[in-house]
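Everything below concerns the one structure shown next.
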Amino acid sequence: MNPTKIKAGKSFEYHPFIFGVYPILSLYLINFSETFISATLQALITACVITLIISLICLVMIRPREKALIVASLTILFFFSYGHVFDTINRVGSYVELIARHRYLVPAWAVIYCATLIWAIKLRNPSKTTYLLNLISIVLMASVSTQLLFLVLKTQFVRNVSSEEIPAISSTFPTSAGRNVYYILLDAYGRQDLLMEDYGVDNSAFISELKNMGFYIPNCAQSNYDQTTASMSSSLNMQYLDALGVAYGESGAAYKALIVNNEVRNQFEKLGYSTVTFKSLYPWLDITDSTYYYDYFANESGVGDLASLNFQYIFLRTTILRPLLQWLEVTPDIKLSPFLGLWVPVNNTLESREYKQYQQNTFALDTLETLPNLPDNKLVYAHLYITHQPFVFYPDGRFHPFLLQTENAYRDQVVFANKRILEVLKLILSSTEADPIIVLQSDHSYSEGEKRLQILNAYYFPEGGDKNLYDMVTPVNTFRILFNTYYGGNYELLPDISWAVDEHEALYKAPVNCMNDVKP
């Protein structure tokens with residue numbers, strides 16, 4: 001069809017509605033590894049309402065209809081793209097520092113928008129522009145839909161862990177009858193010397209108390225990878241990524257099967273253990289089909305839940321509303337109504353995404369203390385986010401609203417975590433007849449570079465089990481040693497390697513870094 005011969009009123013102007021939905025799908029694509037599809041519903045409703053309002057206003061004020069909807073599409077594009085442009089300008093750096101502030105960019109954005117608006121209103125042949133906008137919108141929608149479909153299919157066909165090098169272990173429970181196993185993961189918790197060096201946190205009392213309780217703490221504690229999904233895939237499957245068939249840096253979708261159907265879980269289930277897991281911040285780390293799955297918001301989904309509020313916040317930051325959001329965040333005296341706070345998730349303390357994270361964090365800690373009462377032997381995998389952003393705690397554990405996400409805030413989270421984790425561990429150790437096996441570990445630190453590999457790594461291996469541990473032990477060997485020590489396993493220990501990432505995103509072997517003057 002020749003677009004020049006399309007008569008006004010004969011074409012269907014669907015481009016505004018596609019341009020209204022596209023930002024949500026593209027944002028979900030960018031954050032595919034970080035959130036759930038259900039979390040996009042609230043932002044999708046918001047985008048549709050904004051698109052509808054803009055379209056109706058244009059239809060009332062501008063004639064003919066084709067021209068009105070062209071103006072609507074342009075307005076929608078300007079509305080939904082401001083935050084992306086702002087971020088891009090900030091990434092460029094000092095060359096455009098002058099306009100990398102809202103006070104400059106908003107007026108410039110308004111001038112460009114007005115010029116575009118005048119051009120659209122003066123169009124002599126809106127049919128050609130309608131055809132072009134329809135075509136662009138279809139291409140954009142097809143592109144993002146295809147990429148999302150590819151990622152979804154990839155998650156379905158990622159192979160499960162090969163078991164060819166996983167030796168059978170005894171099911172007779174030679175030394176472990178009645179023992180519960182706790183794998184407690186403190187996300188982004190750094191090693192003792194790193195916390196002092198980078199954040200001024202004296203962690204010696206916490207470490208001393210762990211040792212007094214019987215924990216073994218390696219002097220050269222390092223993770224195998226500096227990123228959560230890579231680190232946990234390796235630890236929970238007792239293998240490095242190359243042996244698992246995934247590459248470092250792949251999207252979370254590539255790791256999902258490795259984490260959900262991990263080999264540690266499979267081995268314990270073969271031994272008759274129940275499994276216990278907790279709600280994760282991220283879909284690819286979320287193990288929902290365990291025997292016991294704990295989620296404070298289990299009865300909430302869609303609008304208003306934690307994942308939805310987080311995605312809504314990210315979405316609004318990509319729009320022209322970003323300056324308003326940032327102003328509200330630094331003006332906590334202005335309180336939004338509960339309804340408005342649901343859709344603009346800032347400055348509404350008890351309905352904020354930070355408070356919901358606080359509730360989930362405290363719920364997980366409180367629940368850990370009740371787990372010794374569960375029947376049967378159990379493997380508890382508790383991935384805790386109490387030292388992970390968003391930071392939500394005062395040092396004494398109270399909720400800290402409007403907390404700036406700074407290094408000082410991270411320090412407060414560590415102080416709280418130290419106190420609360422010791423309480424949890426003491427209760428677990430005092431609540432069971434048979435000493436449990438406890439691994440208290442982190443996936444990476446909060447620092448950058450090779451320091452990101454320096455982690456907390458503490459083992460409670462009762463009845464002399466710690467004699468099999470050593471200063472350079474890394475998480476890839478944690479469960480190999482555990483199975484060998486307590487369950488009659490015959491695992492060969494792998495070389496303890498910490499993989500860092502250079503400026504080209506290539507892996508290299510980081511040097512072993514020890515504290516207490518220990519020589520690697």
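Every chain in the structure tokens has a letter given in the order shown (A, B, ...), and although residue numbers restart at 1 in each chain, ligands are simply numbered from 1 in the order shown.
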Self-check item: Residues of region 85-284 of chain A in helix (DSSP H, G or I), written as a ChimeraX atom specification
Solution: /A:85-92,94-99,102-121,126-157,192-199,204-212,228-237,241-244,252-254,256-260,263-270,283-284
Quiz prompt | Best match for closeness to Val181 (chain A) among A:Gln389, A:Asn373, A:Thr275, A:Gln326, counting only C-alpha atoms | solution =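 Counting only C-alpha atoms, the residue closest to Val181 (chain A) is A:Thr275.
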Exercise. Could you please write out, as a list of chain:residue names, every residue of region 169-404 of chain A that DSSP assigns to strand (DSSP E or B)?
Key: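 Across region 169-404 of chain A, those assigned strand (DSSP E or B) are A:Val181, A:Tyr182, A:Tyr183, A:Ile184, A:Leu185, A:Leu186, A:Gly190, A:Tyr216, A:Gln222, A:Ser274, A:Thr275, A:Val276, A:Thr277, A:Phe278, A:Tyr292, A:Tyr293, A:Tyr294, A:Lys378, A:Leu379, A:Val380, A:Tyr381, A:Ala382, A:His383, A:Leu384, A:Phe393, A:Phe399.
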Exercise. Please provide as an MDAnalysis selection string all residues within 9 Å of Ser280 (chain A), with the sequence filter that same-chain residues fewer than 2 positions apart are discarded (counting only C-alpha atoms).
Key: chainID A and resid 277:278 282:287 295 383:385
Could you write out that same residue set with N, CA and C atoms as a PDB file, in the first residue's frame?
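Below is the file that was written, out-v3.pdb:
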ATOM      1  N   THR A 277      13.436 -22.901  52.368  1.00  0.00           N
ATOM      2  CA  THR A 277      13.961 -21.737  51.651  1.00  0.00           C
ATOM      3  C   THR A 277      13.123 -20.509  51.965  1.00  0.00           C
ATOM      4  N   PHE A 278      13.646 -19.353  51.581  1.00  0.00           N
ATOM      5  CA  PHE A 278      12.994 -18.075  51.845  1.00  0.00           C
ATOM      6  C   PHE A 278      12.835 -17.284  50.548  1.00  0.00           C
ATOM      7  N   TYR A 282      15.124 -11.768  43.899  1.00  0.00           N
ATOM      8  CA  TYR A 282      15.278 -11.950  42.462  1.00  0.00           C
ATOM      9  C   TYR A 282      14.735 -13.309  42.024  1.00  0.00           C
ATOM     10  N   PRO A 283      14.082 -13.366  40.868  1.00  0.00           N
ATOM     11  CA  PRO A 283      13.410 -14.603  40.450  1.00  0.00           C
ATOM     12  C   PRO A 283      14.346 -15.777  40.242  1.00  0.00           C
ATOM     13  N   TRP A 284      15.576 -15.521  39.773  1.00  0.00           N
ATOM     14  CA  TRP A 284      16.462 -16.645  39.451  1.00  0.00           C
ATOM     15  C   TRP A 284      17.124 -17.225  40.690  1.00  0.00           C
ATOM     16  N   LEU A 285      16.965 -16.556  41.832  1.00  0.00           N
ATOM     17  CA  LEU A 285      17.483 -17.078  43.093  1.00  0.00           C
ATOM     18  C   LEU A 285      16.373 -17.651  43.962  1.00  0.00           C
ATOM     19  N   ASP A 286      15.159 -17.579  43.485  1.00  0.00           N
ATOM     20  CA  ASP A 286      13.990 -17.924  44.291  1.00  0.00           C
ATOM     21  C   ASP A 286      13.657 -19.409  44.144  1.00  0.00           C
ATOM     22  N   ILE A 287      13.797 -20.166  45.218  1.00  0.00           N
ATOM     23  CA  ILE A 287      13.472 -21.598  45.218  1.00  0.00           C
ATOM     24  C   ILE A 287      12.127 -21.762  45.916  1.00  0.00           C
ATOM     25  N   ASP A 295       7.553 -16.696  52.839  1.00  0.00           N
ATOM     26  CA  ASP A 295       7.408 -15.398  52.186  1.00  0.00           C
ATOM     27  C   ASP A 295       6.442 -14.566  53.008  1.00  0.00           C
ATOM     28  N   HIS A 383      18.913 -17.331  52.261  1.00  0.00           N
ATOM     29  CA  HIS A 383      19.638 -16.248  51.575  1.00  0.00           C
ATOM     30  C   HIS A 383      19.054 -14.940  52.106  1.00  0.00           C
ATOM     31  N   LEU A 384      19.821 -14.275  52.976  1.00  0.00           N
ATOM     32  CA  LEU A 384      19.336 -13.089  53.677  1.00  0.00           C
ATOM     33  C   LEU A 384      19.878 -11.818  53.025  1.00  0.00           C
ATOM     34  N   TYR A 385      19.034 -10.775  53.019  1.00  0.00           N
ATOM     35  CA  TYR A 385      19.386  -9.515  52.360  1.00  0.00           C
ATOM     36  C   TYR A 385      19.523  -8.374  53.363  1.00  0.00           C
TER      37      TYR A 385
END
Self-check item: Near-Ala506 (chain A) list (9 Å; only C-alpha atoms; drop same-chain fewer than 5 positions) as a list in words
Solution: Tyr248, Ala500 and Val501 of chain A
Exercise. Tell me which protein, DNA and RNA residues are within 10 Å of Ser26 (chain A), counting only C-alpha atoms, leaving out same-chain ones fewer than 5 positions away, and put them as a list in words.
Key: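 Near Ser26 (chain A), the qualifying residues are Val21, Asn31, Phe32, Leu140, Met141, Ser143, Val144, Ser145, Gln147 and Leu148 of chain A.
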Write the residues you've just listed into a file as a compact mmCIF listing (two decimals), in the first residue's frame, and include C-alpha atoms for each of them.
# COMPACT_ATOMS: atom_id res chain seq x y z
CA VAL A 21 3.08 -0.23 26.52
CA ASN A 31 15.58 -6.22 34.27
CA PHE A 32 14.59 -9.71 33.19
CA LEU A 140 9.70 -1.87 18.40
CA MET A 141 7.03 -4.17 19.82
CA SER A 143 11.76 -6.57 18.68
CA VAL A 144 11.17 -6.47 22.42
CA SER A 145 8.64 -9.33 22.27
CA GLN A 147 13.86 -10.87 22.82
CA LEU A 148 11.60 -11.62 25.77
Residues near Thr319 (chain A), anyone? I mean within 8 Å using only C-alpha atoms, not counting same-chain ones fewer than 6 positions away, as a compact mmCIF listing (two decimals) with all heavy atoms, in the first residue's frame.
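That gives us selection25.txt:
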# COMPACT_ATOMS: atom_id res chain seq x y z
N PHE A 79 7.37 11.91 27.36
CA PHE A 79 7.04 11.65 28.77
C PHE A 79 7.83 10.44 29.30
O PHE A 79 8.41 10.48 30.39
CB PHE A 79 5.54 11.39 28.91
CG PHE A 79 5.06 11.34 30.34
CD1 PHE A 79 4.49 12.45 30.93
CD2 PHE A 79 5.17 10.17 31.09
CE1 PHE A 79 4.05 12.40 32.25
CE2 PHE A 79 4.74 10.12 32.41
CZ PHE A 79 4.18 11.24 32.99
N PHE A 80 7.87 9.36 28.53
CA PHE A 80 8.44 8.11 29.00
C PHE A 80 9.95 7.97 28.76
O PHE A 80 10.55 7.00 29.22
CB PHE A 80 7.73 6.93 28.35
CG PHE A 80 6.33 6.69 28.86
CD1 PHE A 80 5.34 6.24 28.00
CD2 PHE A 80 6.01 6.91 30.18
CE1 PHE A 80 4.06 6.02 28.45
CE2 PHE A 80 4.72 6.70 30.65
CZ PHE A 80 3.73 6.26 29.79
N SER A 81 10.55 8.90 28.06
CA SER A 81 11.97 8.73 27.72
C SER A 81 12.90 9.69 28.46
O SER A 81 14.11 9.56 28.38
CB SER A 81 12.18 8.91 26.21
OG SER A 81 11.78 10.21 25.80
N TYR A 82 12.34 10.64 29.22
CA TYR A 82 13.18 11.65 29.86
C TYR A 82 14.25 11.02 30.74
O TYR A 82 15.43 11.37 30.68
CB TYR A 82 12.33 12.60 30.70
CG TYR A 82 13.15 13.58 31.51
CD1 TYR A 82 13.60 14.76 30.95
CD2 TYR A 82 13.52 13.29 32.83
CE1 TYR A 82 14.38 15.65 31.68
CE2 TYR A 82 14.29 14.17 33.57
CZ TYR A 82 14.72 15.34 32.99
OH TYR A 82 15.50 16.22 33.71
N GLY A 83 13.87 10.07 31.60
CA GLY A 83 14.81 9.46 32.53
C GLY A 83 15.92 8.72 31.81
O GLY A 83 17.08 8.72 32.26
N HIS A 84 15.60 8.06 30.70
CA HIS A 84 16.62 7.36 29.93
C HIS A 84 17.65 8.35 29.36
O HIS A 84 18.86 8.09 29.38
CB HIS A 84 15.98 6.58 28.78
CG HIS A 84 15.12 5.44 29.24
ND1 HIS A 84 15.64 4.34 29.87
CD2 HIS A 84 13.78 5.23 29.15
CE1 HIS A 84 14.66 3.49 30.14
NE2 HIS A 84 13.52 4.01 29.72
Quiz item: Which residue, A:Arg191, A:Arg317, A:His400, A:Arg420, has the smallest gap to Gln357 (chain A) when you use only C-alpha atoms?
Solution: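 Selected residue with least distance to Gln357 (chain A): A:His400.
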Self-check item: Test item: residues at most 10 Å from region 53-63 of chain A, only C-alpha atoms, excluding those fewer than 2 positions along its chain, as a PyMOL selection string
Solution: chain A and resi 16-17+47-51+65-73+75-76+79+121
Practice problem: Find, counting only C-alpha atoms, the residue in A:Val139, A:Ile24, A:Leu316, A:Ala243 that gets nearest to Val476 (chain A). | Solution: A:Ala243
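Between CA of His102 (chain A) and CA of Thr88 (chain A) lies a distance of 13.2 Å.
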Self-check item: Nearest to Met232 (chain A) by atom-to-atom distance, counting only C-alpha atoms, from A:Tyr446, A:Tyr182, A:Tyr381, A:Tyr293
Solution: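 The closest residue to Met232 (chain A) is A:Tyr381.
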Quiz item: What is the distance, in Å and to one decimal place, between CA of Leu482 (chain A) and CA of Ser223 (chain A)?
Solution: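 Separation between CA of Leu482 (chain A) and CA of Ser223 (chain A): 17.1 Å.
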Quiz prompt | Residue nearest Asp376 (chain A) - candidates A:Glu34, A:Asp187, A:Asp202, A:Glu269, atoms counted: only C-alpha atoms | solution =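 Distance minimum relative to Asp376 (chain A) lands on A:Glu269.
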Closest atom pairs, region 348-442 of chain A residues within 6 Å of region 458-467 of chain A, only C-alpha atoms, as a tab-separated table:
residue	atom	partner	partner_atom	distance
A:Ile437	CA	A:Phe461	CA	5.5
A:Ile438	CA	A:Tyr460	CA	4.9
A:Val439	CA	A:Tyr459	CA	4.7
A:Leu440	CA	A:Ala458	CA	5.0
Keeping only C-alpha atoms, write the selected residues as an mmCIF file, in the first residue's frame.
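part18.cif written:
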data_model
loop_
_atom_site.group_PDB
_atom_site.id
_atom_site.type_symbol
_atom_site.label_atom_id
_atom_site.label_comp_id
_atom_site.auth_asym_id
_atom_site.auth_seq_id
_atom_site.Cartn_x
_atom_site.Cartn_y
_atom_site.Cartn_z
ATOM 1 C CA ILE A 437 25.910 -28.223 60.889
ATOM 2 C CA ILE A 438 26.021 -24.497 60.087
ATOM 3 C CA VAL A 439 27.684 -22.646 57.233
ATOM 4 C CA LEU A 440 27.552 -18.845 57.550
#
Quiz item: Between A:Leu469, A:Leu194, A:Leu365, A:Leu309, which one has atoms that come closest to Glu450 (chain A), using only C-alpha atoms?
Solution: A:Leu194
